[in-house]
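Colleague: entry08.cif (mmCIF, C-alpha atoms) pasted underneath:
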```cif
data_query
#
loop_
_atom_site.label_atom_id
_atom_site.label_comp_id
_atom_site.auth_asym_id
_atom_site.auth_seq_id
_atom_site.Cartn_x
_atom_site.Cartn_y
_atom_site.Cartn_z
CA MET A 372 2.49 -0.29 -11.92
CA SER A 373 -0.25 -2.34 -10.27
CA PHE A 374 -3.73 -1.03 -9.48
CA ARG A 375 -2.99 -1.25 -5.74
CA GLU A 376 0.16 0.81 -6.09
CA LYS A 377 -1.77 3.41 -8.06
CA SER A 378 -4.41 3.43 -5.30
CA ALA A 379 -1.68 4.02 -2.72
CA TRP A 380 -0.36 6.95 -4.79
CA ILE A 381 -3.88 8.40 -5.03
CA SER A 382 -4.24 8.08 -1.26
CA VAL A 383 -0.88 9.71 -0.46
CA VAL A 384 -1.20 12.59 -2.93
CA SER A 385 -4.86 13.38 -2.22
CA MET A 386 -4.47 13.22 1.56
CA ALA A 387 -1.26 15.25 1.58
CA ALA A 388 -2.79 17.91 -0.68
CA ILE A 389 -6.29 18.17 0.81
CA TYR A 390 -5.45 17.72 4.50
CA GLY A 391 -2.30 19.78 3.93
CA PHE A 392 -4.46 22.66 2.73
CA TYR A 393 -6.85 22.15 5.69
CA PHE A 394 -4.09 22.27 8.32
CA TRP A 395 -2.36 25.14 6.53
CA SER A 396 -5.67 27.07 6.61
CA LEU A 397 -6.06 26.34 10.31
CA LEU A 398 -2.56 27.56 11.07
CA HIS A 399 -3.16 30.77 9.14
CA ALA A 400 -6.57 31.32 10.72
CA GLY A 401 -4.94 31.13 14.16
CA ARG A 402 -7.33 31.94 16.97
CA LYS A 403 -10.15 32.68 14.50
CA ALA A 404 -10.08 28.98 13.57
CA ALA A 405 -12.24 28.19 16.60
CA GLY A 406 -15.27 29.56 14.77
CA VAL A 407 -14.77 27.75 11.46
CA GLY A 408 -13.01 24.54 12.45
CA PHE A 409 -15.57 21.77 12.00
CA GLY A 410 -17.28 23.23 8.92
CA GLY A 411 -13.92 23.27 7.22
CA LEU A 412 -13.27 19.72 8.32
CA LEU A 413 -16.55 18.51 6.80
CA GLU A 414 -15.70 20.20 3.49
CA THR A 415 -12.24 18.65 3.61
CA ILE A 416 -13.61 15.14 4.14
CA ILE A 417 -16.15 15.55 1.32
CA ALA A 418 -13.42 16.85 -1.02
CA LEU A 419 -11.13 13.96 -0.10
CA VAL A 420 -13.81 11.31 -0.69
CA PHE A 421 -14.79 12.92 -4.01
CA VAL A 422 -11.20 13.18 -5.30
CA GLN A 423 -10.30 9.64 -4.23
CA VAL A 424 -13.44 8.10 -5.74
CA VAL A 425 -13.05 9.96 -9.05
CA LEU A 426 -9.34 9.12 -9.39
CA THR A 427 -9.81 5.47 -8.37
CA VAL A 428 -12.66 5.01 -10.85
CA ALA A 429 -10.55 6.67 -13.57
CA VAL A 430 -7.64 4.32 -12.88
CA ALA A 431 -9.99 1.30 -12.83
CA ILE A 432 -11.43 2.30 -16.21
CA PHE A 433 -7.94 2.39 -17.77
CA SER A 434 -6.83 -0.93 -16.24
CA PRO A 435 -9.99 -2.98 -15.59
CA ARG A 436 -8.21 -6.34 -15.38
CA ASP A 437 -5.88 -5.13 -12.61
CA ALA A 438 -8.75 -3.46 -10.77
CA LYS A 439 -10.84 -6.65 -10.74
CA ALA A 440 -7.98 -8.90 -9.59
CA PRO A 441 -8.28 -9.90 -5.94
CA ARG A 442 -5.43 -9.14 -3.55
CA ASP A 443 -2.84 -11.88 -3.63
CA GLU A 444 -0.42 -12.99 -0.90
CA ARG A 445 2.15 -10.30 -1.74
CA ASP A 446 -0.47 -7.54 -1.62
CA LYS A 447 -1.59 -8.81 1.79
CA LEU A 448 1.97 -8.98 3.09
CA ILE A 449 2.66 -5.43 1.89
CA GLU A 450 -0.55 -4.22 3.55
CA LEU A 451 0.38 -5.88 6.83
CA ARG A 452 3.88 -4.40 6.84
CA ALA A 453 2.50 -0.97 5.99
CA MET A 454 -0.09 -1.27 8.74
CA ARG A 455 2.59 -2.20 11.29
CA PHE A 456 4.71 0.79 10.21
CA ALA A 457 1.74 3.17 10.41
CA TYR A 458 0.69 1.77 13.79
CA ALA A 459 4.11 2.68 15.21
CA GLY A 460 3.59 6.25 13.99
CA LEU A 461 0.04 6.35 15.31
CA ALA A 462 1.05 5.02 18.74
CA THR A 463 3.91 7.52 19.00
CA GLY A 464 1.61 10.37 18.01
CA ILE A 465 -1.04 9.34 20.52
CA ALA A 466 1.59 9.11 23.27
CA PHE A 467 2.62 12.72 22.51
CA ALA A 468 -1.05 13.78 22.42
CA CYS A 469 -1.62 12.20 25.85
CA PHE A 470 1.40 14.06 27.21
CA PHE A 471 0.34 17.43 25.82
CA GLY A 472 -3.27 16.72 26.79
CA ALA A 473 -2.15 17.13 30.40
CA PHE A 474 -1.67 20.86 29.67
CA ASP A 475 -5.42 21.17 28.99
CA PRO A 476 -5.31 22.50 25.40
CA PRO A 477 -8.47 23.98 23.78
CA ILE A 478 -10.85 21.28 22.47
CA LEU A 479 -10.48 22.38 18.83
CA PHE A 480 -6.69 22.24 19.07
CA GLY A 481 -6.80 18.80 20.70
CA THR A 482 -9.23 17.43 18.11
CA ASN A 483 -7.19 18.75 15.20
CA ALA A 484 -3.99 17.43 16.75
CA LEU A 485 -5.55 13.95 16.91
CA LEU A 486 -6.77 14.33 13.31
CA PHE A 487 -3.26 15.35 12.24
CA ILE A 488 -1.83 12.24 13.91
CA LEU A 489 -4.43 10.02 12.20
CA VAL A 490 -3.82 11.59 8.78
CA THR A 491 -0.04 11.29 9.21
CA ALA A 492 -0.38 7.60 10.11
CA GLU A 493 -2.60 7.01 7.07
CA ILE A 494 -0.10 8.76 4.79
CA MET A 495 2.70 6.69 6.35
CA ARG A 496 0.71 3.52 5.59
CA SER A 497 0.21 4.36 1.92
CA ALA A 498 3.77 5.64 1.53
CA CYS A 499 5.11 2.41 3.02
CA GLN A 500 3.00 0.43 0.54
CA ILE A 501 4.44 2.45 -2.36
CA VAL A 502 8.03 1.90 -1.16
CA GLN A 503 7.44 -1.86 -0.93
CA TYR A 504 5.77 -2.06 -4.34
CA ARG A 505 8.71 -0.11 -5.83
CA ARG A 506 11.21 -2.47 -4.20
CA GLY A 507 9.31 -5.52 -5.41
CA ALA A 508 8.08 -6.76 -2.02
CA MET B 430 20.89 -14.56 4.91
CA GLY B 431 19.87 -17.10 2.25
CA ILE B 432 18.76 -16.34 -1.28
CA ILE B 433 16.01 -18.17 -3.15
CA ARG B 434 16.70 -18.34 -6.87
CA ASN B 435 14.31 -19.78 -9.42
CA GLU B 436 14.03 -21.06 -12.96
CA ILE B 437 10.63 -19.58 -13.71
CA ARG B 438 11.77 -17.40 -16.60
CA ARG B 439 13.44 -20.35 -18.36
CA LEU B 440 10.50 -22.65 -17.64
CA ARG B 441 8.03 -20.11 -19.02
CA PHE B 442 10.11 -19.95 -22.20
CA GLU B 443 10.16 -23.74 -22.46
CA HIS B 444 6.39 -23.91 -22.01
CA GLY B 445 5.42 -22.17 -25.22
CA GLU B 446 6.76 -18.77 -24.14
CA MET B 447 4.10 -18.51 -21.48
CA THR B 448 3.61 -14.89 -20.41
CA GLN B 449 3.81 -13.71 -16.81
CA GLN B 450 0.11 -12.87 -17.02
CA GLN B 451 -0.78 -16.41 -18.13
CA LEU B 452 1.26 -17.92 -15.32
CA ALA B 453 -0.23 -15.47 -12.83
CA GLU B 454 -3.76 -16.51 -13.80
CA LYS B 455 -2.92 -20.21 -13.40
CA ILE B 456 -1.54 -19.76 -9.89
CA HIS B 457 -3.98 -17.07 -8.69
CA LEU B 458 -1.37 -14.35 -8.21
CA THR B 459 -1.02 -10.97 -9.92
CA ARG B 460 1.36 -10.43 -12.84
CA GLN B 461 3.36 -8.01 -10.68
CA THR B 462 3.85 -10.72 -8.06
CA VAL B 463 5.04 -13.24 -10.67
CA ASN B 464 7.48 -10.60 -11.92
CA ALA B 465 8.74 -9.96 -8.37
CA ILE B 466 9.20 -13.72 -7.78
CA GLU B 467 11.04 -14.13 -11.08
CA GLN B 468 13.45 -11.33 -10.22
CA GLY B 469 14.07 -12.81 -6.77
CA LYS B 470 12.62 -9.75 -5.03
CA TYR B 471 9.80 -11.69 -3.39
CA SER B 472 9.86 -15.21 -1.96
CA PRO B 473 6.49 -16.88 -2.54
CA SER B 474 4.62 -18.82 0.10
CA LEU B 475 5.11 -22.58 0.12
CA GLU B 476 1.63 -23.02 -1.34
CA ALA B 477 2.35 -20.62 -4.23
CA ALA B 478 5.69 -22.33 -4.85
CA PHE B 479 3.94 -25.70 -5.12
CA ARG B 480 1.36 -24.23 -7.50
CA ILE B 481 4.13 -22.81 -9.72
CA SER B 482 5.90 -26.20 -9.75
CA ALA B 483 2.63 -27.93 -10.62
CA VAL B 484 2.09 -25.63 -13.62
CA PHE B 485 5.47 -26.63 -15.04
CA ARG B 486 5.08 -30.28 -13.91
CA LYS B 487 8.44 -30.12 -12.15
CA PRO B 488 9.46 -30.96 -8.58
CA LEU B 489 9.81 -27.96 -6.29
CA GLU B 490 13.61 -28.22 -6.12
CA SER B 491 13.83 -28.00 -9.93
CA VAL B 492 12.06 -24.65 -9.88
CA PHE B 493 13.44 -23.05 -6.71
CA HIS B 494 16.98 -23.23 -5.33
CA TYR B 495 18.10 -22.06 -1.92
CA SER B 496 21.65 -20.89 -1.38
CA GLU B 497 23.24 -19.38 1.74
CA GLU B 498 25.20 -16.24 0.85
#
```
Using structure tokens, write down the structure that the file contains.
Modeller:
Amino acid sequence: MSFREKSAWISVVSMAAIYGFYFWSLLHAGRKAAGVGFGGLLETIIALVFVQVVLTVAVAIFSPRDAKAPRDERDKLIELRAMRFAYAGLATGIAFACFFGAFDPPILFGTNALLFILVTAEIMRSACQIVQYRRGA
Amino acid sequence: MGIIRNEIRRLRFEHGEMTQQQLAEKIHLTRQTVNAIEQGKYSPSLEAAFRISAVFRKPLESVFHYSEE
């Protein structure tokens, strides 16, 4: 497994776990979430950055040659395809957000809905990369 | 849709059992990409194909074959 595939796994697993916990907490907090929303988001972002940096450094230590290798043409092609796939998800999500925005939702709900769309698109991007690396290209 | 086959595995063997990593370093690709090319899962760019041919000192058509199937 290449370093870039491992990075994609780290991204998918860490984002799904950490943002999953954040959104699950919001859902369970319900209306009380309005008071704690952005503090929780800051903690979530810090946790995500910390976990991703630690895991990426650990992977780089165990496979330094792979980590130092620059992206080649196949890596770039896979990234482009993954980006196109994620963009379709992002655009669809934003279209839904615009539609539901017409119903004047609370600001915290709207912000978290946009964050959910962004996180979903990012997970789609990394997942698409993994699928392509598994297939070969 | 056409299929691009190649002789890279055989040519590596004929060139002192060159490893995928050694070939990858010569053509500025990763070992995983060389492996994907060898297995026919990834079609390299024209530039990469020429670089591979140059390593083995063979014309392009001796390394890569295109067939419509």
Colleague: What are the residues of chain B that have an atom within 7 Å of an atom of chain A, counting all atoms listed in the file, as a list in words?
Modeller: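 Result: Leu458, Thr459, Gln461, Thr462, Ala465, Lys470 and Tyr471 of chain B.
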Colleague: Report the distance between CA of Met454 (chain A) and CA of Ala498 (chain A) in Å, rounded to one decimal place.
Modeller: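 About the pair CA of Met454 (chain A) and CA of Ala498 (chain A): they are 10.7 Å apart.
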Colleague: Which residues match the PyMOL selection byres ((chain A and resi 394) around 12) in the file above, as a count of residues only?
Modeller: 28
Colleague: Got a sec: who's within 12 Å of Arg441 (chain B), counting all atoms listed in the file, leaving out chain neighbours fewer than 4 positions off, as a list in words?
Modeller: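 Surrounding residues, per the criterion: Asn435, Glu436, Ile437, Gly445, Glu446, Met447, Thr448, Gln449, Gln450, Gln451, Leu452, Ala453, Val463, Asn464, Glu467, Ile481, Ser482, Val484, Phe485, Arg486 and Val492 of chain B.
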Colleague: Between CA of Ile432 (chain B) and CA of Ile466 (chain B), what is the distance in Å, rounded to a tenth?
Modeller: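 Distance reported for this atom pair: 11.9 Å.
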Colleague: With the PyMOL selection byres ((chain B and resi 494) around 8) as the selection, what would be picked from this file? Answer as a list of chain:residue names, please.
Modeller: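 Residues picked by the PyMOL selection byres ((chain B and resi 494) around 8): B:Ile433, B:Arg434, B:Asn435, B:Glu490, B:Ser491, B:Val492, B:Phe493, B:Tyr495, B:Ser496.
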Colleague: Quick one: of A:Phe471, A:Trp380, A:Phe374, A:Phe421, who's nearest to Ile501 (chain A), counting only C-alpha atoms?
Modeller: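 Result for the nearest residue to Ile501 (chain A): A:Trp380.
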Colleague: Rounded to one decimal place, report the CA of Met495 (chain A)-CA of Arg436 (chain A) distance in Å.
Modeller: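 CA of Met495 (chain A) sits 27.6 Å away from CA of Arg436 (chain A).
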Colleague: What are the centre and edge lengths in Å, to one decimal, of the axis-aligned box around all listed atoms of region 420-439 of chain A with 4 Å added on each side, as JSON?
Modeller:
```
{"center_x": -10.3, "center_y": 3.3, "center_z": -9.2, "size_x": 16.9, "size_y": 27.8, "size_z": 25.1}
```
Colleague: Which residue, B:Arg460, B:Glu443, B:Pro473, B:Glu498, has the smallest gap to Gly431 (chain B) when you use only C-alpha atoms?
Modeller: B:Glu498
Colleague: What do you get, as a PyMOL selection string, if you spell out every residue that the PyMOL selection byres ((chain A and resi 426) around 12) selects here?
Modeller: chain A and resi 374+377-382+384-385+419-425+427-433
Colleague: Only C-alpha atoms, please: the residues just picked out, written as an mmCIF file, in the frame of the given file.
Modeller:
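Output saved as part00.cif:
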```cif
data_model
loop_
_atom_site.group_PDB
_atom_site.id
_atom_site.type_symbol
_atom_site.label_atom_id
_atom_site.label_comp_id
_atom_site.auth_asym_id
_atom_site.auth_seq_id
_atom_site.Cartn_x
_atom_site.Cartn_y
_atom_site.Cartn_z
ATOM 1 C CA PHE A 374 -3.730 -1.030 -9.480
ATOM 2 C CA LYS A 377 -1.770 3.410 -8.060
ATOM 3 C CA SER A 378 -4.410 3.430 -5.300
ATOM 4 C CA ALA A 379 -1.680 4.020 -2.720
ATOM 5 C CA TRP A 380 -0.360 6.950 -4.790
ATOM 6 C CA ILE A 381 -3.880 8.400 -5.030
ATOM 7 C CA SER A 382 -4.240 8.080 -1.260
ATOM 8 C CA VAL A 384 -1.200 12.590 -2.930
ATOM 9 C CA SER A 385 -4.860 13.380 -2.220
ATOM 10 C CA LEU A 419 -11.130 13.960 -0.100
ATOM 11 C CA VAL A 420 -13.810 11.310 -0.690
ATOM 12 C CA PHE A 421 -14.790 12.920 -4.010
ATOM 13 C CA VAL A 422 -11.200 13.180 -5.300
ATOM 14 C CA GLN A 423 -10.300 9.640 -4.230
ATOM 15 C CA VAL A 424 -13.440 8.100 -5.740
ATOM 16 C CA VAL A 425 -13.050 9.960 -9.050
ATOM 17 C CA THR A 427 -9.810 5.470 -8.370
ATOM 18 C CA VAL A 428 -12.660 5.010 -10.850
ATOM 19 C CA ALA A 429 -10.550 6.670 -13.570
ATOM 20 C CA VAL A 430 -7.640 4.320 -12.880
ATOM 21 C CA ALA A 431 -9.990 1.300 -12.830
ATOM 22 C CA ILE A 432 -11.430 2.300 -16.210
ATOM 23 C CA PHE A 433 -7.940 2.390 -17.770
#
```
Colleague: Nearest to Glu450 (chain A) among A:Ala418, A:Cys499, A:Ala462, A:Ala438, with distances taken over only C-alpha atoms: which residue is it?
Modeller: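 Residue with the minimum atom-to-atom distance to Glu450 (chain A): A:Cys499.
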